[in-house]
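See below for final.cif, which holds mmCIF, C-alpha atoms.
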data_input
#
loop_
_atom_site.group_PDB
_atom_site.id
_atom_site.type_symbol
_atom_site.label_atom_id
_atom_site.label_comp_id
_atom_site.auth_asym_id
_atom_site.auth_seq_id
_atom_site.Cartn_x
_atom_site.Cartn_y
_atom_site.Cartn_z
ATOM 1 C CA GLU A 7 -1.453 5.289 23.234
ATOM 2 C CA ALA A 8 -2.227 2.941 20.369
ATOM 3 C CA GLN A 9 0.984 1.351 19.241
ATOM 4 C CA VAL A 10 2.917 -1.596 17.940
ATOM 5 C CA THR A 11 6.097 -2.374 19.818
ATOM 6 C CA GLN A 12 9.033 -4.479 18.731
ATOM 7 C CA ASN A 13 11.978 -5.791 20.691
ATOM 8 C CA PRO A 14 14.834 -5.649 20.358
ATOM 9 C CA ARG A 15 15.277 -2.603 18.147
ATOM 10 C CA TYR A 16 18.815 -3.557 17.209
ATOM 11 C CA LEU A 17 20.435 -6.969 17.284
ATOM 12 C CA ILE A 18 23.787 -8.293 16.131
ATOM 13 C CA THR A 19 24.114 -12.052 16.264
ATOM 14 C CA VAL A 20 26.073 -14.907 14.770
ATOM 15 C CA THR A 21 25.075 -17.516 12.251
ATOM 16 C CA GLY A 22 23.027 -20.342 13.708
ATOM 17 C CA LYS A 23 22.159 -18.792 17.057
ATOM 18 C CA LYS A 24 18.399 -18.926 17.511
ATOM 19 C CA LEU A 25 16.684 -15.630 18.141
ATOM 20 C CA THR A 26 13.198 -14.218 18.612
ATOM 21 C CA VAL A 27 11.958 -10.765 17.722
ATOM 22 C CA THR A 28 8.853 -9.881 19.675
ATOM 23 C CA CYS A 29 5.914 -7.846 18.410
ATOM 24 C CA SER A 30 3.032 -6.647 20.516
ATOM 25 C CA GLN A 31 0.021 -4.430 19.792
ATOM 26 C CA ASN A 32 -2.469 -2.857 22.184
ATOM 27 C CA MET A 33 -5.291 -2.165 19.734
ATOM 28 C CA ASN A 34 -7.038 -5.555 19.865
ATOM 29 C CA HIS A 35 -6.248 -6.061 16.187
ATOM 30 C CA GLU A 36 -7.050 -9.401 14.640
ATOM 31 C CA TYR A 37 -4.509 -9.141 11.829
ATOM 32 C CA MET A 38 -0.749 -9.043 12.298
ATOM 33 C CA SER A 39 2.071 -9.352 9.818
ATOM 34 C CA TRP A 40 5.846 -9.350 9.481
ATOM 35 C CA TYR A 41 7.791 -7.633 6.717
ATOM 36 C CA ARG A 42 11.442 -7.330 5.937
ATOM 37 C CA GLN A 43 12.898 -4.364 4.121
ATOM 38 C CA ASP A 44 16.036 -4.545 2.029
ATOM 39 C CA PRO A 45 17.617 -1.899 -0.230
ATOM 40 C CA GLY A 46 16.250 -2.103 -3.732
ATOM 41 C CA LEU A 47 13.699 -4.774 -2.801
ATOM 42 C CA GLY A 48 11.230 -2.748 -0.795
ATOM 43 C CA LEU A 49 9.099 -4.327 1.909
ATOM 44 C CA ARG A 50 8.325 -8.010 1.524
ATOM 45 C CA GLN A 51 5.833 -9.919 3.609
ATOM 46 C CA ILE A 52 7.241 -12.833 5.612
ATOM 47 C CA TYR A 53 4.255 -14.219 7.536
ATOM 48 C CA TYR A 54 0.844 -13.007 8.524
ATOM 49 C CA SER A 55 -1.887 -13.955 10.944
ATOM 50 C CA MET A 56 -5.611 -13.347 10.619
ATOM 51 C CA ASN A 57 -6.310 -14.202 14.266
ATOM 52 C CA VAL A 58 -5.170 -16.296 17.209
ATOM 53 C CA GLU A 59 -3.767 -19.654 16.100
ATOM 54 C CA VAL A 60 -4.198 -18.697 12.411
ATOM 55 C CA THR A 61 -0.945 -18.003 10.573
ATOM 56 C CA ASP A 62 0.140 -18.273 6.970
ATOM 57 C CA LYS A 63 3.168 -17.729 4.787
ATOM 58 C CA GLY A 64 3.824 -14.513 2.977
ATOM 59 C CA ASP A 65 6.206 -14.066 0.083
ATOM 60 C CA VAL A 66 9.505 -14.835 1.822
ATOM 61 C CA PRO A 67 8.846 -17.285 4.705
ATOM 62 C CA GLU A 68 11.957 -19.456 4.346
ATOM 63 C CA GLY A 69 14.083 -19.456 7.478
ATOM 64 C CA TYR A 70 11.388 -17.930 9.682
ATOM 65 C CA LYS A 71 8.705 -19.179 12.047
ATOM 66 C CA VAL A 72 5.894 -17.385 13.799
ATOM 67 C CA SER A 73 3.283 -18.137 16.396
ATOM 68 C CA ARG A 74 0.063 -16.442 17.476
ATOM 69 C CA LYS A 75 -0.927 -17.806 20.863
ATOM 70 C CA GLU A 76 -2.350 -14.511 22.059
ATOM 71 C CA LYS A 77 -4.120 -11.805 20.115
ATOM 72 C CA ARG A 78 -1.686 -9.083 21.065
ATOM 73 C CA ASN A 79 1.600 -10.903 20.364
ATOM 74 C CA PHE A 80 3.144 -12.173 17.147
ATOM 75 C CA PRO A 81 6.787 -13.164 17.628
ATOM 76 C CA LEU A 82 9.129 -13.816 14.716
ATOM 77 C CA ILE A 83 11.517 -16.702 15.272
ATOM 78 C CA LEU A 84 14.746 -17.348 13.418
ATOM 79 C CA GLU A 85 15.765 -20.902 14.352
ATOM 80 C CA SER A 86 19.144 -20.770 12.617
ATOM 81 C CA PRO A 87 19.862 -17.266 11.359
ATOM 82 C CA SER A 88 22.044 -16.778 8.312
ATOM 83 C CA PRO A 89 23.734 -13.656 6.924
ATOM 84 C CA ASN A 90 21.079 -13.315 4.193
ATOM 85 C CA GLN A 91 18.564 -12.595 6.952
ATOM 86 C CA THR A 92 20.380 -9.401 7.792
ATOM 87 C CA SER A 93 17.631 -6.869 7.264
ATOM 88 C CA LEU A 94 15.259 -4.319 8.756
ATOM 89 C CA TYR A 95 12.144 -6.015 10.096
ATOM 90 C CA PHE A 96 8.733 -4.489 10.664
ATOM 91 C CA CYS A 97 5.689 -5.837 12.402
ATOM 92 C CA ALA A 98 2.271 -4.482 11.453
ATOM 93 C CA SER A 99 -1.270 -4.892 12.729
ATOM 94 C CA SER A 100 -4.769 -4.014 11.629
ATOM 95 C CA HIS A 101 -8.398 -4.774 12.195
ATOM 96 C CA PHE A 102 -9.539 -7.452 9.805
ATOM 97 C CA GLY A 103 -12.598 -7.250 7.648
ATOM 98 C CA THR A 104 -13.289 -3.549 7.797
ATOM 99 C CA SER A 105 -13.223 -1.242 4.807
ATOM 100 C CA SER A 106 -9.913 0.186 5.836
ATOM 101 C CA HIS A 107 -6.462 -1.203 5.212
ATOM 102 C CA GLU A 108 -5.017 1.139 7.749
ATOM 103 C CA GLN A 109 -2.132 -0.811 9.141
ATOM 104 C CA TYR A 110 -0.042 0.229 12.108
ATOM 105 C CA PHE A 111 3.648 -0.516 11.913
ATOM 106 C CA GLY A 112 6.162 -1.014 14.653
ATOM 107 C CA PRO A 113 9.393 0.995 14.834
ATOM 108 C CA GLY A 114 11.482 -1.728 13.232
ATOM 109 C CA THR A 115 14.198 -4.152 14.298
ATOM 110 C CA ARG A 116 17.541 -3.905 12.607
ATOM 111 C CA LEU A 117 19.102 -7.359 12.563
ATOM 112 C CA THR A 118 22.674 -8.132 11.572
ATOM 113 C CA VAL A 119 23.785 -11.750 11.251
ATOM 114 C CA THR A 120 27.529 -12.309 10.967
ATOM 115 C CA ASP B 4 -4.036 -4.894 -7.394
ATOM 116 C CA ALA B 5 -3.615 -2.056 -9.854
ATOM 117 C CA LYS B 6 -0.125 -0.762 -10.551
ATOM 118 C CA THR B 7 0.796 2.745 -9.440
ATOM 119 C CA THR B 8 3.313 5.188 -10.863
ATOM 120 C CA GLN B 9 4.872 7.973 -8.820
ATOM 121 C CA PRO B 10 7.698 10.422 -9.480
ATOM 122 C CA THR B 11 10.944 9.290 -7.933
ATOM 123 C CA SER B 12 11.582 12.481 -6.016
ATOM 124 C CA MET B 13 10.211 15.930 -5.295
ATOM 125 C CA ASP B 14 11.286 19.003 -3.387
ATOM 126 C CA CYS B 15 9.083 21.364 -1.444
ATOM 127 C CA ALA B 16 9.790 24.552 0.475
ATOM 128 C CA GLU B 17 8.973 24.494 4.155
ATOM 129 C CA GLY B 18 5.559 26.013 4.844
ATOM 130 C CA ARG B 19 4.341 25.489 1.299
ATOM 131 C CA ALA B 20 1.900 22.865 0.122
ATOM 132 C CA ALA B 21 3.395 19.611 -1.098
ATOM 133 C CA ASN B 22 1.439 17.985 -3.916
ATOM 134 C CA LEU B 23 2.390 14.381 -4.579
ATOM 135 C CA PRO B 24 0.874 12.793 -7.691
ATOM 136 C CA CYS B 25 0.092 9.167 -8.310
ATOM 137 C CA ASN B 26 -1.052 7.502 -11.481
ATOM 138 C CA HIS B 27 -3.223 4.375 -11.248
ATOM 139 C CA SER B 28 -4.789 4.198 -14.680
ATOM 140 C CA THR B 29 -5.756 0.507 -14.360
ATOM 141 C CA ILE B 30 -7.637 0.907 -11.090
ATOM 142 C CA SER B 31 -10.836 -1.074 -10.880
ATOM 143 C CA GLY B 32 -14.117 -0.018 -9.359
ATOM 144 C CA ASN B 33 -13.621 -1.796 -6.038
ATOM 145 C CA GLU B 34 -10.078 -0.594 -5.393
ATOM 146 C CA TYR B 35 -9.220 2.088 -2.872
ATOM 147 C CA VAL B 36 -6.267 4.480 -3.014
ATOM 148 C CA TYR B 37 -4.076 4.490 0.093
ATOM 149 C CA TRP B 38 -1.140 6.651 1.032
ATOM 150 C CA TYR B 39 1.571 5.715 3.479
ATOM 151 C CA ARG B 40 4.873 7.345 4.241
ATOM 152 C CA GLN B 41 8.128 6.146 5.693
ATOM 153 C CA ILE B 42 10.443 8.525 7.472
ATOM 154 C CA HIS B 43 13.992 7.272 7.235
ATOM 155 C CA SER B 44 14.095 3.632 8.426
ATOM 156 C CA GLN B 45 11.045 4.086 10.662
ATOM 157 C CA GLY B 46 7.928 1.972 10.309
ATOM 158 C CA PRO B 47 5.590 3.052 7.493
ATOM 159 C CA GLN B 48 2.812 5.343 8.644
ATOM 160 C CA TYR B 49 -0.719 5.394 7.290
ATOM 161 C CA ILE B 50 -1.777 8.814 6.002
ATOM 162 C CA ILE B 51 -5.129 8.636 4.263
ATOM 163 C CA HIS B 52 -7.271 6.590 1.904
ATOM 164 C CA GLY B 53 -10.233 7.095 -0.418
ATOM 165 C CA LEU B 54 -12.415 5.428 -3.003
ATOM 166 C CA LYS B 55 -13.705 8.189 -5.255
ATOM 167 C CA ASN B 56 -14.520 11.202 -3.129
ATOM 168 C CA ASN B 57 -11.900 13.646 -1.957
ATOM 169 C CA GLU B 58 -10.823 13.023 1.607
ATOM 170 C CA THR B 59 -9.220 15.165 4.286
ATOM 171 C CA ASN B 60 -7.871 14.377 7.708
ATOM 172 C CA GLU B 61 -5.537 16.038 10.160
ATOM 173 C CA MET B 62 -2.481 15.017 8.162
ATOM 174 C CA ALA B 63 -3.384 15.536 4.535
ATOM 175 C CA SER B 64 -5.928 15.773 1.758
ATOM 176 C CA LEU B 65 -6.482 13.252 -0.992
ATOM 177 C CA ILE B 66 -7.806 14.384 -4.335
ATOM 178 C CA ILE B 67 -8.972 11.638 -6.697
ATOM 179 C CA THR B 68 -9.813 12.519 -10.283
ATOM 180 C CA GLU B 69 -13.300 11.838 -11.505
ATOM 181 C CA ASP B 70 -12.151 8.935 -13.692
ATOM 182 C CA ARG B 71 -10.113 7.634 -10.693
ATOM 183 C CA LYS B 72 -7.058 7.120 -12.860
ATOM 184 C CA SER B 73 -4.899 9.420 -10.797
ATOM 185 C CA SER B 74 -4.769 11.069 -7.411
ATOM 186 C CA THR B 75 -2.827 13.716 -5.525
ATOM 187 C CA LEU B 76 -1.807 13.725 -1.901
ATOM 188 C CA ILE B 77 -1.627 17.231 -0.498
ATOM 189 C CA LEU B 78 0.320 18.174 2.609
ATOM 190 C CA PRO B 79 -1.009 21.702 3.129
ATOM 191 C CA HIS B 80 1.901 23.199 5.054
ATOM 192 C CA ALA B 81 4.937 20.987 4.712
ATOM 193 C CA THR B 82 7.472 20.931 7.533
ATOM 194 C CA LEU B 83 10.964 19.494 7.701
ATOM 195 C CA ARG B 84 9.488 16.517 9.559
ATOM 196 C CA ASP B 85 7.466 15.650 6.460
ATOM 197 C CA THR B 86 10.639 14.664 4.619
ATOM 198 C CA ALA B 87 9.991 10.997 3.835
ATOM 199 C CA VAL B 88 9.247 8.443 1.142
ATOM 200 C CA TYR B 89 5.549 8.555 0.221
ATOM 201 C CA TYR B 90 3.848 5.470 -1.124
ATOM 202 C CA CYS B 91 0.647 5.364 -3.128
ATOM 203 C CA ILE B 92 -1.005 1.935 -2.870
ATOM 204 C CA VAL B 93 -4.130 0.662 -4.563
ATOM 205 C CA ARG B 94 -6.044 -2.024 -2.683
ATOM 206 C CA THR B 95 -9.267 -3.944 -2.738
ATOM 207 C CA LEU B 96 -11.206 -4.708 0.397
ATOM 208 C CA TRP B 97 -10.313 -7.599 2.650
ATOM 209 C CA GLY B 98 -11.021 -10.996 1.134
ATOM 210 C CA GLN B 99 -10.603 -9.932 -2.479
ATOM 211 C CA GLY B 100 -7.582 -10.898 -4.529
ATOM 212 C CA SER B 101 -4.269 -10.316 -2.818
ATOM 213 C CA SER B 102 -6.099 -8.582 0.005
ATOM 214 C CA ASN B 103 -6.607 -12.080 1.383
ATOM 215 C CA THR B 104 -3.120 -11.837 2.818
ATOM 216 C CA GLY B 105 -3.435 -8.243 3.984
ATOM 217 C CA LYS B 106 -0.155 -7.616 2.235
ATOM 218 C CA LEU B 107 0.637 -4.043 1.356
ATOM 219 C CA ILE B 108 2.671 -3.730 -1.834
ATOM 220 C CA PHE B 109 5.022 -0.810 -1.454
ATOM 221 C CA GLY B 110 6.481 0.360 -4.747
ATOM 222 C CA GLN B 111 9.415 2.726 -5.022
ATOM 223 C CA GLY B 112 7.414 5.695 -3.787
ATOM 224 C CA THR B 113 8.259 9.393 -4.015
ATOM 225 C CA THR B 114 11.054 10.778 -1.906
ATOM 226 C CA LEU B 115 9.853 14.156 -0.694
ATOM 227 C CA GLN B 116 12.541 16.515 0.501
ATOM 228 C CA VAL B 117 11.219 19.528 2.408
ATOM 229 C CA LYS B 118 13.774 22.310 2.377
ATOM 230 C CA PRO B 119 14.090 25.295 4.730
#

Please lay out the structure from this file as C-alpha coordinates.
Amino acid sequence: EAQVTQNPRYLITVTGKKLTVTCSQNMNHEYMSWYRQDPGLGLRQIYYSMNVEVTDKGDVPEGYKVSRKEKRNFPLILESPSPNQTSLYFCASSHFGTSSHEQYFGPGTRLTVT
Amino acid sequence: DAKTTQPTSMDCAEGRAANLPCNHSTISGNEYVYWYRQIHSQGPQYIIHGLKNNETNEMASLIITEDRKSSTLILPHATLRDTAVYYCIVRTLWGQGSSNTGKLIFGQGTTLQVKP
(Lines of atoms letter the chains of each structure in order from A and count residues from 1; the text may use other names and numbers.)
(Lines give C-alpha, C1' and ligand atoms only; values in the text may rest on other atoms or scores of the structure.)
Protein backbone atom coordinates (compact mmCIF):
# COMPACT_ATOMS: atom_id res chain seq x y z
CA GLU A 1 0.00 0.00 0.00
CA ALA A 2 1.30 3.42 -0.98
CA GLN A 3 1.79 5.44 2.15
CA VAL A 4 3.69 7.97 4.18
CA THR A 5 4.48 6.92 7.71
CA GLN A 6 5.50 9.06 10.65
CA ASN A 7 6.85 8.10 14.04
CA PRO A 8 6.08 8.71 16.75
CA ARG A 9 2.43 9.66 16.40
CA TYR A 10 2.33 11.31 19.80
CA LEU A 11 5.20 12.71 21.82
CA ILE A 12 5.40 14.67 25.05
CA THR A 13 8.84 15.99 25.87
CA VAL A 14 10.59 18.67 27.87
CA THR A 15 12.30 21.83 26.77
CA GLY A 16 15.78 21.29 25.39
CA LYS A 17 15.68 17.53 24.95
CA LYS A 18 16.64 16.70 21.38
CA LEU A 19 14.15 14.69 19.41
CA THR A 20 13.65 13.30 15.91
CA VAL A 21 10.39 12.69 14.11
CA THR A 22 10.83 10.18 11.32
CA CYS A 23 9.05 10.23 7.97
CA SER A 24 9.21 7.49 5.39
CA GLN A 25 7.47 6.97 2.04
CA ASN A 26 7.31 3.87 -0.15
CA MET A 27 6.34 5.53 -3.44
CA ASN A 28 9.82 6.46 -4.69
CA HIS A 29 8.86 10.12 -4.52
CA GLU A 30 11.54 12.69 -5.16
CA TYR A 31 9.86 15.49 -3.22
CA MET A 32 9.25 15.48 0.52
CA SER A 33 8.15 18.23 2.86
CA TRP A 34 7.34 18.99 6.48
CA TYR A 35 4.45 21.14 7.67
CA ARG A 36 3.23 22.19 11.05
CA GLN A 37 -0.40 22.93 11.77
CA ASP A 38 -1.53 25.31 14.48
CA PRO A 39 -5.04 26.59 15.28
CA GLY A 40 -5.82 29.72 13.34
CA LEU A 41 -2.57 29.55 11.35
CA GLY A 42 -3.29 26.65 9.05
CA LEU A 43 -0.51 24.49 7.66
CA ARG A 44 2.89 26.12 7.30
CA GLN A 45 5.82 24.61 5.48
CA ILE A 46 8.94 24.02 7.58
CA TYR A 47 11.43 22.40 5.19
CA TYR A 48 11.29 20.63 1.89
CA SER A 49 13.50 18.42 -0.22
CA MET A 50 13.51 18.04 -3.99
CA ASN A 51 15.69 14.92 -3.90
CA VAL A 52 18.43 13.13 -2.00
CA GLU A 53 20.88 15.57 -0.40
CA VAL A 54 18.79 18.55 -1.61
CA THR A 55 16.92 20.38 1.14
CA ASP A 56 15.72 23.93 1.59
CA LYS A 57 13.90 26.11 4.08
CA GLY A 58 10.20 26.65 3.99
CA ASP A 59 8.34 29.44 5.73
CA VAL A 60 9.05 28.53 9.36
CA PRO A 61 12.43 26.71 9.55
CA GLU A 62 13.73 28.23 12.79
CA GLY A 63 14.43 25.60 15.43
CA TYR A 64 14.29 22.68 13.01
CA LYS A 65 16.75 20.64 10.97
CA VAL A 66 16.22 18.02 8.32
CA SER A 67 18.30 15.59 6.34
CA ARG A 68 17.70 13.57 3.18
CA LYS A 69 20.32 10.84 2.99
CA GLU A 70 17.96 8.34 1.40
CA LYS A 71 15.12 8.91 -1.01
CA ARG A 72 12.50 7.32 1.19
CA ASN A 73 13.33 9.04 4.50
CA PHE A 74 13.10 12.66 5.59
CA PRO A 75 13.51 13.03 9.35
CA LEU A 76 12.67 16.24 11.19
CA ILE A 77 15.08 17.10 13.99
CA LEU A 78 14.44 19.44 16.88
CA GLU A 79 17.84 20.02 18.49
CA SER A 80 16.50 21.98 21.46
CA PRO A 81 12.71 21.92 21.49
CA SER A 82 10.80 24.81 23.01
CA PRO A 83 7.14 25.13 24.01
CA ASN A 84 6.36 27.19 20.89
CA GLN A 85 7.12 24.08 18.84
CA THR A 86 4.14 22.34 20.36
CA SER A 87 2.13 21.55 17.27
CA LEU A 88 0.74 18.94 14.90
CA TYR A 89 3.34 17.96 12.32
CA PHE A 90 2.76 16.45 8.90
CA CYS A 91 5.16 14.98 6.41
CA ALA A 92 4.21 14.93 2.74
CA SER A 93 5.67 13.48 -0.43
CA SER A 94 5.12 13.74 -4.16
CA HIS A 95 6.68 13.06 -7.50
CA PHE A 96 8.52 16.11 -8.71
CA GLY A 97 8.15 17.65 -12.10
CA THR A 98 4.92 16.05 -13.22
CA SER A 99 1.75 17.95 -13.98
CA SER A 100 0.19 16.88 -10.75
CA HIS A 101 0.62 18.39 -7.32
CA GLU A 102 -0.92 15.36 -5.75
CA GLN A 103 0.83 15.16 -2.44
CA TYR A 104 0.52 12.29 0.01
CA PHE A 105 0.47 13.20 3.67
CA GLY A 106 1.42 11.17 6.68
CA PRO A 107 -0.96 10.65 9.61
CA GLY A 108 0.61 13.39 11.70
CA THR A 109 2.71 13.65 14.85
CA ARG A 110 1.28 15.52 17.77
CA LEU A 111 4.16 17.04 19.72
CA THR A 112 3.87 18.67 23.12
CA VAL A 113 6.88 20.45 24.60
CA THR A 114 6.61 21.37 28.28
CA ASP B 1 -0.82 31.66 -6.76
CA ALA B 2 -4.36 32.91 -7.15
CA LYS B 3 -6.43 33.50 -4.03
CA THR B 4 -9.44 31.28 -3.38
CA THR B 5 -12.64 31.99 -1.48
CA GLN B 6 -14.78 29.26 0.05
CA PRO B 7 -17.77 29.30 2.38
CA THR B 8 -16.79 28.70 5.97
CA SER B 9 -19.17 25.82 6.54
CA MET B 10 -21.84 23.71 4.90
CA ASP B 11 -24.20 20.94 5.90
CA CYS B 12 -25.29 18.01 3.81
CA ALA B 13 -27.69 15.14 4.44
CA GLU B 14 -26.20 11.68 4.31
CA GLY B 15 -26.74 10.06 0.92
CA ARG B 16 -27.26 13.37 -0.84
CA ALA B 17 -24.81 15.13 -3.11
CA ALA B 18 -22.52 17.65 -1.46
CA ASN B 19 -21.65 20.61 -3.67
CA LEU B 20 -18.74 22.67 -2.41
CA PRO B 21 -18.08 25.94 -4.25
CA CYS B 22 -14.82 27.77 -4.67
CA ASN B 23 -14.18 31.16 -6.15
CA HIS B 24 -10.83 31.85 -7.83
CA SER B 25 -11.58 34.88 -9.95
CA THR B 26 -7.89 35.84 -10.37
CA ILE B 27 -6.78 32.46 -11.67
CA SER B 28 -4.30 32.61 -14.50
CA GLY B 29 -4.14 30.42 -17.56
CA ASN B 30 -1.44 28.09 -16.26
CA GLU B 31 -2.97 27.48 -12.83
CA TYR B 32 -4.72 24.26 -11.88
CA VAL B 33 -7.51 23.86 -9.33
CA TYR B 34 -6.84 21.27 -6.63
CA TRP B 35 -9.03 19.96 -3.87
CA TYR B 36 -7.82 18.39 -0.67
CA ARG B 37 -9.65 17.48 2.49
CA GLN B 38 -8.64 16.99 6.08
CA ILE B 39 -10.63 14.75 8.36
CA HIS B 40 -10.21 15.87 11.93
CA SER B 41 -6.47 16.14 12.71
CA GLN B 42 -5.55 13.54 10.08
CA GLY B 43 -3.16 14.27 7.24
CA PRO B 44 -4.71 16.17 4.31
CA GLN B 45 -5.90 13.92 1.52
CA TYR B 46 -5.78 14.72 -2.17
CA ILE B 47 -9.18 14.50 -3.87
CA ILE B 48 -9.00 15.76 -7.43
CA HIS B 49 -7.55 18.43 -9.68
CA GLY B 50 -8.28 20.02 -13.06
CA LEU B 51 -7.25 22.75 -15.44
CA LYS B 52 -10.34 23.64 -17.45
CA ASN B 53 -12.22 20.46 -18.24
CA ASN B 54 -14.54 18.79 -15.78
CA GLU B 55 -12.92 15.87 -14.01
CA THR B 56 -14.25 12.81 -12.24
CA ASN B 57 -12.58 10.12 -10.20
CA GLU B 58 -13.68 7.53 -7.69
CA MET B 59 -14.00 10.12 -4.94
CA ALA B 60 -15.57 13.15 -6.54
CA SER B 61 -16.29 15.31 -9.56
CA LEU B 62 -14.83 18.71 -10.28
CA ILE B 63 -16.79 21.20 -12.31
CA ILE B 64 -14.87 24.26 -13.53
CA THR B 65 -16.78 27.13 -15.11
CA GLU B 66 -15.94 28.08 -18.64
CA ASP B 67 -14.24 31.31 -17.55
CA ARG B 68 -12.37 29.29 -14.86
CA LYS B 69 -13.21 31.84 -12.21
CA SER B 70 -15.01 29.35 -10.02
CA SER B 71 -15.37 25.64 -9.49
CA THR B 72 -17.50 23.15 -7.59
CA LEU B 73 -16.44 19.94 -5.94
CA ILE B 74 -19.20 17.37 -5.95
CA LEU B 75 -19.35 14.40 -3.61
CA PRO B 76 -22.17 12.44 -5.26
CA HIS B 77 -23.41 10.47 -2.26
CA ALA B 78 -22.05 11.98 0.92
CA THR B 79 -21.48 9.71 3.91
CA LEU B 80 -20.74 10.52 7.53
CA ARG B 81 -17.08 9.74 6.80
CA ASP B 82 -16.99 12.66 4.37
CA THR B 83 -17.31 15.11 7.26
CA ALA B 84 -14.09 17.12 6.95
CA VAL B 85 -12.54 20.46 6.06
CA TYR B 86 -12.29 20.81 2.27
CA TYR B 87 -9.61 22.99 0.76
CA CYS B 88 -9.62 24.48 -2.71
CA ILE B 89 -6.08 25.32 -3.85
CA VAL B 90 -4.93 26.97 -7.04
CA ARG B 91 -1.45 26.01 -8.23
CA THR B 92 0.88 26.38 -11.14
CA LEU B 93 3.03 23.54 -12.37
CA TRP B 94 6.31 22.66 -10.73
CA GLY B 95 9.04 25.23 -11.27
CA GLN B 96 6.73 28.21 -11.65
CA GLY B 97 6.35 30.82 -8.95
CA SER B 98 5.80 29.44 -5.48
CA SER B 99 5.52 25.97 -6.97
CA ASN B 100 9.31 25.94 -6.78
CA THR B 101 8.95 24.96 -3.15
CA GLY B 102 6.11 22.51 -3.70
CA LYS B 103 4.32 24.28 -0.90
CA LEU B 104 0.59 23.86 -0.73
CA ILE B 105 -1.18 26.93 0.64
CA PHE B 106 -4.16 25.77 2.63
CA GLY B 107 -6.65 28.55 3.32
CA GLN B 108 -9.46 28.28 5.83
CA GLY B 109 -11.39 25.79 3.73
CA THR B 110 -15.03 24.73 4.05
CA THR B 111 -16.08 22.61 6.98
CA LEU B 112 -18.54 20.09 5.60
CA GLN B 113 -20.79 18.44 8.14
CA VAL B 114 -22.66 15.41 6.82
CA LYS B 115 -25.69 14.71 8.95
CA PRO B 116 -27.68 11.47 9.31

Compute the chain B side of the contact with chain A at 9 Å, counting only C-alpha atoms, and hand it back as a PyMOL selection string. chain B and resi 35+37+44-52+94-98+104-111

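Residue neighbourhood of Thr11 (chain B), excluding near-sequence residues (fewer than 2 positions): B:Thr8, B:Gln9, B:Met13, B:Asp14, B:Leu23, B:Pro24, B:Cys25, B:Ala87, B:Val88, B:Tyr89, B:Tyr90, B:Gly110, B:Gln111, B:Gly112, B:Thr113, B:Thr114, B:Leu115, B:Gln116, at 12 Å, using only C-alpha atoms.
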
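Each of A:Thr120, A:Glu59, A:Gln12, A:Thr92 was checked against Asp44 (chain A) using all atoms listed in the file; the smallest atom-to-atom distance is that of A:Thr92.
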
Have a look at CA of Ser73 (chain B) and CA of His27 (chain B) and let me know their distance in Å, one decimal. 5.3 Å

So what does the PyMOL selection byres ((chain A and resi 81-88) around 8) actually pick up in this one, as an MDAnalysis selection string? chainID A and resid 20:29 40 69:74 79:80 89:92 119:120
